[in-house]
>>> print(open('target01.tsv').read())   # TSV, C-alpha atoms
chain	number	residue	atom	x	y	z
R	1	MET	CA	102.69	67.65	28.99
R	2	GLU	CA	104.23	67.54	25.53
R	3	ALA	CA	100.90	66.52	23.97
R	4	ASP	CA	99.16	69.38	25.76
R	5	ASP	CA	101.77	71.83	24.50
R	6	ARG	CA	101.25	70.68	20.93
R	7	ARG	CA	97.49	71.13	21.19
R	8	LYS	CA	97.55	74.48	22.93
R	9	PRO	CA	96.53	77.23	20.49
R	10	ARG	CA	98.91	80.12	20.09
R	11	MET	CA	97.87	83.69	19.44
R	12	PRO	CA	99.51	85.29	16.39
R	13	PRO	CA	101.16	88.68	16.89
R	14	ILE	CA	98.95	91.61	15.97
R	15	ALA	CA	100.07	94.09	13.38
R	16	THR	CA	99.13	97.71	13.82
R	17	PRO	CA	95.75	98.16	12.07
R	18	ALA	CA	95.90	99.98	8.80
R	19	ASP	CA	93.44	102.56	10.07
R	20	ALA	CA	95.48	103.41	13.14
R	21	PRO	CA	96.59	107.05	13.24
R	22	PRO	CA	100.27	107.71	12.56
R	23	LEU	CA	102.72	108.34	15.36
R	24	GLN	CA	102.83	112.00	16.25
R	25	GLU	CA	105.90	113.88	17.38
R	26	PRO	CA	106.33	114.44	21.13
R	27	ILE	CA	104.19	117.39	22.16
R	28	SER	CA	106.61	118.06	24.99
R	29	THR	CA	110.29	117.34	25.15
R	30	LYS	CA	111.17	118.54	28.61
R	31	PRO	CA	114.50	117.32	29.96
R	32	CYS	CA	114.28	114.00	31.76
R	33	PRO	CA	117.18	113.92	34.24
R	34	GLU	CA	118.25	110.71	35.92
R	35	PRO	CA	116.00	110.00	38.90
R	36	THR	CA	117.50	111.14	42.18
R	37	ARG	CA	117.04	108.90	45.18
R	38	GLY	CA	117.61	109.37	48.84
R	39	THR	CA	114.93	112.05	49.25
R	40	GLY	CA	112.45	109.62	50.81
R	41	GLN	CA	110.02	110.05	47.89
R	42	TYR	CA	109.43	107.19	45.47
R	43	VAL	CA	110.65	107.92	41.94
R	44	LEU	CA	108.46	106.42	39.20
R	45	THR	CA	110.53	105.24	36.25
R	46	ALA	CA	107.89	103.07	34.50
R	47	PRO	CA	106.13	104.72	31.53
R	48	VAL	CA	102.45	105.58	31.97
R	49	ALA	CA	99.84	105.43	29.19
R	50	LEU	CA	96.58	107.37	29.37
R	51	LEU	CA	93.67	106.42	27.09
R	52	MET	CA	91.09	109.17	26.58
R	53	PHE	CA	88.12	110.17	24.45
R	54	ASN	CA	85.56	112.87	25.15
R	55	ARG	CA	85.13	113.21	28.92
R	56	PRO	CA	87.19	116.07	30.31
R	57	ARG	CA	85.97	115.88	33.90
R	58	PRO	CA	86.97	112.29	34.77
R	59	THR	CA	90.05	112.61	32.58
R	60	ALA	CA	91.19	115.63	34.60
R	61	ARG	CA	90.88	113.66	37.84
R	62	VAL	CA	92.87	110.72	36.48
R	63	PHE	CA	95.49	113.08	35.02
R	64	GLU	CA	95.90	114.76	38.41
R	65	GLU	CA	96.91	111.41	39.95
R	66	ILE	CA	99.37	110.85	37.10
R	67	ARG	CA	100.72	114.35	37.71
R	68	LYS	CA	101.36	113.47	41.36
R	69	ALA	CA	103.20	110.30	40.29
R	70	ARG	CA	105.45	112.30	37.88
R	71	PRO	CA	106.38	109.59	35.35
R	72	ALA	CA	109.36	110.35	33.13
R	73	LYS	CA	107.39	109.27	30.05
R	74	LEU	CA	103.67	109.74	29.36
R	75	LEU	CA	102.02	108.21	26.31
R	76	VAL	CA	98.56	109.53	25.45
R	77	VAL	CA	96.08	107.77	23.16
R	78	ALA	CA	92.85	109.49	22.11
R	79	ASP	CA	89.95	108.55	19.89
R	80	GLY	CA	88.41	111.11	17.55
R	81	PRO	CA	84.90	112.55	17.55
R	82	ARG	CA	81.92	110.83	15.97
R	83	ALA	CA	80.64	112.74	12.98
R	84	ASP	CA	76.99	112.44	14.01
R	85	ARG	CA	77.45	113.74	17.59
R	86	ALA	CA	77.00	117.48	17.89
R	87	GLY	CA	79.55	119.09	20.18
R	88	GLU	CA	81.72	115.99	20.51
R	89	ALA	CA	84.65	117.51	18.60
R	90	GLU	CA	84.79	120.28	21.19
R	91	LYS	CA	84.68	117.77	24.05
R	92	CYS	CA	87.49	115.75	22.48
R	93	ALA	CA	89.58	118.89	22.07
R	94	GLU	CA	88.93	119.95	25.67
R	95	THR	CA	89.91	116.50	26.91
R	96	ARG	CA	93.16	116.46	24.92
R	97	LYS	CA	94.06	119.89	26.23
R	98	ILE	CA	94.30	118.48	29.76
R	99	ILE	CA	97.71	116.97	29.11
R	100	GLU	CA	99.11	120.44	28.55
R	101	GLY	CA	99.15	120.50	32.34
R	102	VAL	CA	102.34	118.41	32.41
R	103	ASP	CA	104.59	120.51	34.64
R	104	TRP	CA	107.33	118.04	35.57
R	105	PRO	CA	110.31	116.70	33.57
R	106	CYS	CA	108.48	114.37	31.20
R	107	GLU	CA	108.54	113.23	27.60
R	108	VAL	CA	104.97	113.23	26.30
R	109	LEU	CA	104.06	111.24	23.19
R	110	THR	CA	100.61	111.41	21.63
R	111	ASN	CA	98.69	109.14	19.29
R	112	PHE	CA	95.47	110.99	18.39
R	113	ALA	CA	92.84	109.78	15.92
R	114	GLU	CA	91.38	112.48	13.69
R	115	SER	CA	88.06	110.65	13.33
R	116	ASN	CA	86.30	108.09	15.49
R	117	MET	CA	87.67	104.56	15.38
R	118	GLY	CA	85.47	103.04	18.08
R	119	CYS	CA	86.45	101.26	21.26
R	120	ARG	CA	87.60	98.00	19.64
R	121	ARG	CA	90.03	99.49	17.12
R	122	ARG	CA	91.10	102.62	18.96
R	123	VAL	CA	92.03	101.02	22.28
R	124	SER	CA	93.67	97.96	20.71
R	125	SER	CA	95.68	99.97	18.16
R	126	GLY	CA	96.54	102.54	20.83
R	127	ILE	CA	97.97	99.94	23.20
R	128	THR	CA	99.84	98.34	20.31
R	129	TRP	CA	101.35	101.77	19.60
R	130	VAL	CA	102.29	102.15	23.28
R	131	PHE	CA	104.20	98.87	23.21
R	132	SER	CA	105.90	99.85	19.97
R	133	GLN	CA	107.41	102.76	21.92
R	134	VAL	CA	108.21	101.13	25.28
R	135	GLU	CA	108.88	97.64	26.62
R	136	GLU	CA	106.44	97.96	29.51
R	137	ALA	CA	103.78	100.39	30.68
R	138	ILE	CA	101.20	101.24	33.31
R	139	ILE	CA	97.86	101.80	31.55
R	140	LEU	CA	94.93	103.92	32.70
R	141	GLU	CA	91.71	104.77	30.92
R	142	ASP	CA	90.14	108.16	31.43
R	143	ASP	CA	87.68	106.94	34.07
R	144	CYS	CA	89.95	104.70	36.15
R	145	LEU	CA	91.01	106.70	39.20
R	146	PRO	CA	94.05	105.18	40.92
R	147	HIS	CA	95.22	105.30	44.50
R	148	PRO	CA	98.67	106.96	44.61
R	149	THR	CA	100.30	103.65	45.60
R	150	PHE	CA	98.99	101.99	42.41
R	151	PHE	CA	101.92	103.33	40.41
R	152	ARG	CA	104.64	101.96	42.69
R	153	TYR	CA	102.82	98.62	42.99
R	154	CYS	CA	102.75	98.28	39.19
R	155	ALA	CA	106.30	99.49	38.68
R	156	GLU	CA	107.82	97.09	41.20
R	157	LEU	CA	105.95	94.12	39.74
R	158	LEU	CA	106.79	95.14	36.18
R	159	GLU	CA	110.42	94.90	37.20
R	160	LYS	CA	110.10	91.69	39.22
R	161	TYR	CA	108.28	89.72	36.50
R	162	ARG	CA	109.82	91.47	33.49
R	163	HIS	CA	111.30	88.28	32.08
R	164	ASP	CA	108.80	85.76	33.46
R	165	GLU	CA	106.61	84.85	30.49
R	166	ARG	CA	104.06	83.14	32.71
R	167	VAL	CA	102.83	86.55	33.86
R	168	PHE	CA	100.84	88.55	31.30
R	169	HIS	CA	99.05	91.18	33.32
R	170	ILE	CA	99.18	93.25	36.52
R	171	SER	CA	95.75	94.45	37.66
R	172	GLY	CA	94.91	97.20	40.13
R	173	ASP	CA	91.42	95.84	40.79
R	174	ASN	CA	90.10	93.96	43.79
R	175	PHE	CA	86.30	93.98	43.80
R	176	ARG	CA	85.82	92.30	47.17
R	177	SER	CA	84.86	94.76	49.90
R	178	THR	CA	86.95	92.87	52.45
R	179	GLY	CA	89.99	92.55	50.20
R	180	ALA	CA	91.72	89.27	49.44
R	181	GLU	CA	92.02	86.64	52.13
R	182	ASN	CA	95.73	85.92	51.92
R	183	ARG	CA	98.80	87.25	53.69
R	184	HIS	CA	100.67	88.64	50.70
R	185	SER	CA	100.38	91.91	48.80
R	186	TYR	CA	98.99	90.21	45.71
R	187	PHE	CA	98.00	86.87	44.27
R	188	PHE	CA	97.84	85.13	40.89
R	189	SER	CA	94.57	84.88	39.00
R	190	ARG	CA	93.02	83.83	35.71
R	191	TYR	CA	91.18	87.15	35.40
R	192	ASN	CA	92.95	90.14	33.85
R	193	PHE	CA	90.74	93.05	34.92
R	194	ILE	CA	91.54	96.22	33.00
R	195	TRP	CA	90.40	99.11	35.22
R	196	GLY	CA	94.00	100.20	35.76
R	197	TRP	CA	96.66	97.68	34.78
R	198	ALA	CA	100.19	97.14	33.52
R	199	SER	CA	101.94	94.78	31.14
R	200	TRP	CA	104.88	94.20	28.86
R	201	ARG	CA	105.50	94.19	25.12
R	202	ARG	CA	106.47	90.52	25.41
R	203	ALA	CA	102.91	89.71	26.58
R	204	TRP	CA	100.99	92.10	24.33
R	205	LYS	CA	102.61	90.56	21.24
R	206	HIS	CA	100.16	87.66	21.69
R	207	TYR	CA	97.15	89.98	21.43
R	208	ASP	CA	94.91	89.66	18.39
R	209	VAL	CA	91.96	92.04	18.20
R	210	ASP	CA	90.25	89.78	15.63
R	211	MET	CA	90.74	86.69	17.83
R	212	LYS	CA	91.56	84.43	14.90
R	213	VAL	CA	92.37	81.57	17.26
R	214	TRP	CA	88.79	81.47	18.57
R	215	PRO	CA	87.37	78.79	16.21
R	216	GLU	CA	90.09	76.34	17.29
R	217	VAL	CA	89.55	77.14	20.97
R	218	ARG	CA	85.77	76.84	20.56
R	219	ASP	CA	85.76	73.61	18.56
R	220	GLY	CA	88.29	71.97	20.85
R	221	ARG	CA	86.23	72.96	23.92
R	222	TRP	CA	89.34	74.41	25.49
R	223	LEU	CA	87.32	76.71	27.76
R	224	GLU	CA	85.74	73.67	29.40
R	225	THR	CA	89.24	72.41	30.12
R	226	LEU	CA	90.20	75.81	31.51
R	227	PHE	CA	87.19	76.24	33.82
R	228	GLY	CA	86.38	72.62	34.59
R	229	ASP	CA	82.70	73.46	34.25
R	230	ARG	CA	80.69	73.12	31.04
R	231	ALA	CA	78.03	75.71	31.91
R	232	VAL	CA	80.63	78.38	32.75
R	233	ALA	CA	82.60	77.53	29.62
R	234	ASP	CA	79.45	77.79	27.48
R	235	ASN	CA	78.62	81.21	28.93
R	236	TRP	CA	82.11	82.49	28.17
R	237	ALA	CA	81.90	80.92	24.71
R	238	LYS	CA	78.74	82.91	23.95
R	239	GLN	CA	80.56	86.13	24.83
R	240	PHE	CA	83.60	85.26	22.75
R	241	GLN	CA	81.45	84.25	19.77
R	242	THR	CA	79.56	87.53	19.90
R	243	ILE	CA	82.83	89.46	19.89
R	244	TYR	CA	84.34	87.26	17.17
R	245	ASP	CA	81.27	88.01	15.03
R	246	GLY	CA	81.88	91.74	15.52
R	247	LEU	CA	78.60	92.36	17.34
R	248	ILE	CA	80.20	94.09	20.35
R	249	ASP	CA	82.61	97.00	19.96
R	250	THR	CA	85.19	96.02	22.56
R	251	TRP	CA	88.84	95.05	22.92
R	252	ASP	CA	89.22	93.49	26.37
R	253	TYR	CA	87.83	89.97	25.90
R	254	GLN	CA	90.49	89.50	23.24
R	255	TRP	CA	93.14	90.26	25.86
R	256	ALA	CA	91.68	87.57	28.13
R	257	MET	CA	91.75	85.13	25.22
R	258	ALA	CA	95.39	85.97	24.49
R	259	MET	CA	96.33	85.24	28.10
R	260	TRP	CA	94.29	82.04	28.43
R	261	ALA	CA	95.41	80.64	25.07
R	262	ASN	CA	99.01	80.97	26.25
R	263	SER	CA	98.45	79.65	29.79
R	264	GLY	CA	99.24	83.08	31.22
R	265	LEU	CA	98.56	84.44	34.69
R	266	SER	CA	97.34	87.78	35.97
R	267	ILE	CA	98.42	89.47	39.19
R	268	ARG	CA	95.70	91.03	41.34
R	269	PRO	CA	96.25	93.15	44.47
R	270	ASN	CA	95.21	92.29	48.01
R	271	VAL	CA	93.42	95.65	48.25
R	272	ASN	CA	91.52	97.67	45.68
R	273	LEU	CA	93.71	100.31	44.02
R	274	ILE	CA	91.31	101.59	41.32
R	275	SER	CA	87.91	103.26	41.47
R	276	ASN	CA	85.95	103.40	38.22
R	277	ILE	CA	84.33	106.84	38.12
R	278	GLY	CA	82.97	106.52	34.60
R	279	PHE	CA	79.52	104.99	34.98
R	280	ASP	CA	77.35	107.86	33.79
R	281	ALA	CA	75.34	109.14	30.85
R	282	ASP	CA	78.48	110.48	29.12
R	283	ALA	CA	80.12	107.06	28.90
R	284	THR	CA	80.34	105.07	25.67
R	285	HIS	CA	79.38	101.70	27.18
R	286	THR	CA	79.01	102.11	30.96
R	287	THR	CA	76.01	104.43	30.87
R	288	THR	CA	74.05	102.84	33.73
R	289	SER	CA	74.89	102.54	37.42
R	290	ASN	CA	76.94	99.56	38.55
R	291	LYS	CA	77.63	98.29	42.05
R	292	ASN	CA	81.27	97.74	41.10
R	293	ALA	CA	81.71	101.42	40.19
R	294	ASN	CA	83.20	103.95	42.60
R	295	ILE	CA	84.56	101.24	44.91
R	296	PRO	CA	86.72	102.85	47.59
R	297	VAL	CA	90.48	102.48	47.20
R	298	LYS	CA	93.02	101.59	49.86
R	299	ALA	CA	96.76	102.08	50.10
R	300	MET	CA	99.10	99.27	49.15
R	301	GLN	CA	101.65	98.67	51.88
R	302	PHE	CA	105.36	98.58	51.10
R	303	PRO	CA	107.65	96.77	50.91
R	304	LEU	CA	105.54	94.34	48.94
R	305	SER	CA	105.08	90.86	50.36
R	306	HIS	CA	105.60	88.39	47.50
R	307	PRO	CA	104.04	84.90	47.33
R	308	GLU	CA	106.55	82.10	47.84
R	309	PHE	CA	105.17	80.14	44.88
R	310	MET	CA	103.38	80.80	41.64
R	311	MET	CA	99.94	79.17	41.56
R	312	ARG	CA	96.54	80.60	40.72
R	313	ASP	CA	94.47	81.46	43.79
R	314	GLY	CA	91.32	79.48	43.07
R	315	PHE	CA	89.56	80.73	46.18
R	316	GLU	CA	89.88	84.38	45.16
R	317	ASP	CA	88.86	83.63	41.59
R	318	GLN	CA	85.73	81.87	42.82
R	319	HIS	CA	84.69	84.50	45.34
R	320	LEU	CA	84.15	87.46	43.04
R	321	PRO	CA	81.09	89.71	43.35
R	322	ASP	CA	78.22	89.16	40.92
R	323	GLY	CA	78.69	90.94	37.62
R	324	VAL	CA	82.50	90.79	37.66
R	325	ALA	CA	83.01	87.40	36.00
R	326	ILE	CA	80.91	84.49	34.75
R	327	LYS	CA	80.62	82.05	37.62
R	328	LYS	CA	79.26	78.60	38.36
R	329	LEU	CA	75.60	78.34	39.32
R	330	TRP	CA	76.29	77.44	42.95
R	331	GLN	CA	78.48	80.53	43.22
R	332	ARG	CA	75.70	82.74	41.86
R	333	ILE	CA	72.90	81.43	44.07
R	334	PRO	CA	73.75	83.44	47.26
R	335	GLY	CA	73.71	86.69	45.31
R	336	LYS	CA	70.41	85.78	43.64
R	337	LEU	CA	68.83	84.90	46.98
R	338	LYS	CA	69.93	88.22	48.47
R	339	ARG	CA	68.39	90.13	45.57
R	340	ILE	CA	65.12	88.19	45.91
R	341	ALA	CA	65.06	88.80	49.67
R	342	ARG	CA	65.50	92.54	49.20
R	343	LYS	CA	62.46	92.58	46.93
R	344	VAL	CA	60.26	90.40	49.16
R	345	ILE	CA	61.20	91.56	52.66
R	346	PRO	CA	60.26	95.19	53.30
R	347	ARG	CA	62.95	97.45	54.65
R	348	LYS	CA	62.62	98.58	58.24
R	349	THR	CA	61.63	102.17	58.66
R	350	THR	CA	62.46	104.38	61.59
R	351	ASN	CA	59.90	106.78	62.93
R	352	GLN	CA	61.39	110.21	63.37
>>> encode(input="target01.tsv", output="C-alpha cells")
Amino acid sequence: MEADDRRKPRMPPIATPADAPPLQEPISTKPCPEPTRGTGQYVLTAPVALLMFNRPRPTARVFEEIRKARPAKLLVVADGPRADRAGEAEKCAETRKIIEGVDWPCEVLTNFAESNMGCRRRVSSGITWVFSQVEEAIILEDDCLPHPTFFRYCAELLEKYRHDERVFHISGDNFRSTGAENRHSYFFSRYNFIWGWASWRRAWKHYDVDMKVWPEVRDGRWLETLFGDRAVADNWAKQFQTIYDGLIDTWDYQWAMAMWANSGLSIRPNVNLISNIGFDADATHTTTSNKNANIPVKAMQFPLSHPEFMMRDGFEDQHLPDGVAIKKLWQRIPGKLKRIARKVIPRKTTNQ
C-alpha cells in the first residue's frame, strides 16, 4: 500500500485563471433569517450555483426549480457573448435577467464574464470562484432540470460526507431506465456525471483544468490499472490526450481525472433526479438529439437509506447505457446487436 501511495499522482491545486472575471458585488442582499423548522417543509441551507450562458428558455425552467427550493445563497456564473454571433449579446442579457426573479430571502452573488471565455475556461473558473465563496455547493447548468427532491438529496449527503475525503462528488444522474438494482438510496461509483451535482471545496482543490498530471498518468498506464482492461483504458486515454492537447473545449474530463488520480469516489442516486433538456440547435456542444436527454425524473424517498459500507458498485458501473461511458467490448455488444436488428428487421405495422 505504501508503494502504491508513493506512485499515485496527485493533482495540484488550480489557481483562478488570469482571464477569469472579477468577483462582482451581490446583486441582491435580502435578509437571510435563520431557517425555521417544524413547519413540515424541508429548509434548504446548502448554497446553490447556477451556470448559464445564452439560453433563456431552459434557464428559466431550471431557475423555477431553484426558486421552489429557496436556497439561502445563490451563486450565478455566466459566460459572455461571442463577438461573431449576431444577437447573442441580447440572449445573454435576457438569460441573466432571469435571476432578478429571486423573491425569497436570498443572498445572490454573480460572476459574469464580459466577453466569451468558452466552456473550458468559463465553467472551470466559475466553479473555482464558487468554491472560493462557499465550502460546498449544489451545482446546476442551465439545461439540467432537477426533480424537487434533488436539492435535499444533495444537501443531506453534503453534510454526511463533508469531512470524508474519499468522496469527491455527488451526482443526480442515473441513466438506467429501471434505476439502480440495490436496496439503498444511492451507491458509490467511479463515474462523476455532471448533469446536476454537488461537491466540496476540499475536493475541488484537486481540480486542474490543464490536467498537468496527465503525462505521468498516461506514461505509467495508470488507467489500465484503474479499469483492469487495456482497450477501455486506451479509449479513455485518447479522450484525455485530445483534451490535454486543447482540441476539445471542455472542463469535465479534467474533473474525472482529478477524482481518479486521488482515488476518489462519486455518489450516484438509485433513481434519476436530473433531466437534461438542452439537446437542441441552440446548445454549444449538445446540438443533436441524444437518447440520454430528457430522461424522466423520479422522486428520491426520505429518509435516505445509506449503504453500510463504502465500496464502488461495480455492477452499476458496468451496466450503463451506451453513450454514457466508455465500456468493455463485451458490454457494448448487446447494444450494437440491438441497433443492427432495428435496421435489418422491419417494424410491424398496424392496418387502421
>>> residues_around(input="target01.tsv", residues="Trp197 (chain R)", least_positions_apart="6", cutoff="9 Å", atoms="all atoms listed in the file", output="ChimeraX atom specification")
/R:137-140,154,169-173
>>> closest_residue(input="target01.tsv", among="R:Pro105, R:Lys291, R:Phe168, R:Asp245", to="Ser199 (chain R)", atoms="only C-alpha atoms")
R:Phe168
>>> closest_residue(input="target01.tsv", among="R:Tyr153, R:Trp129, R:Trp236, R:Phe112", to="Trp204 (chain R)", atoms="all atoms listed in the file")
R:Trp129
>>> closest_residue(input="target01.tsv", among="R:Phe227, R:Phe151, R:Phe131, R:Phe175", to="Ser275 (chain R)", atoms="all atoms listed in the file")
R:Phe175
>>> residues_around(input="target01.tsv", residues="His163 (chain R)", least_positions_apart="4", cutoff="10 Å", atoms="all atoms listed in the file", output="list in words")
Leu158, Glu159, Val167, Trp200 and Arg202 of chain R
>>> write_last_selection(input="target01.tsv", atoms="C-alpha atoms", output="JSON list (two decimals), in the frame of the given file")
[["chain", "number", "residue", "atom", "x", "y", "z"],
["R", 158, "LEU", "CA", 106.79, 95.14, 36.18],
["R", 159, "GLU", "CA", 110.42, 94.90, 37.20],
["R", 167, "VAL", "CA", 102.83, 86.55, 33.86],
["R", 200, "TRP", "CA", 104.88, 94.20, 28.86],
["R", 202, "ARG", "CA", 106.47, 90.52, 25.41]]
>>> closest_residue(input="target01.tsv", among="R:Leu50, R:Ala231, R:Val213, R:Leu74", to="Val62 (chain R)", atoms="all atoms listed in the file")
R:Leu50
>>> atom_distance(input="target01.tsv", atom1="CA of Ile99 (chain R)", atom2="CA of Ile267 (chain R)")
29.3 Å
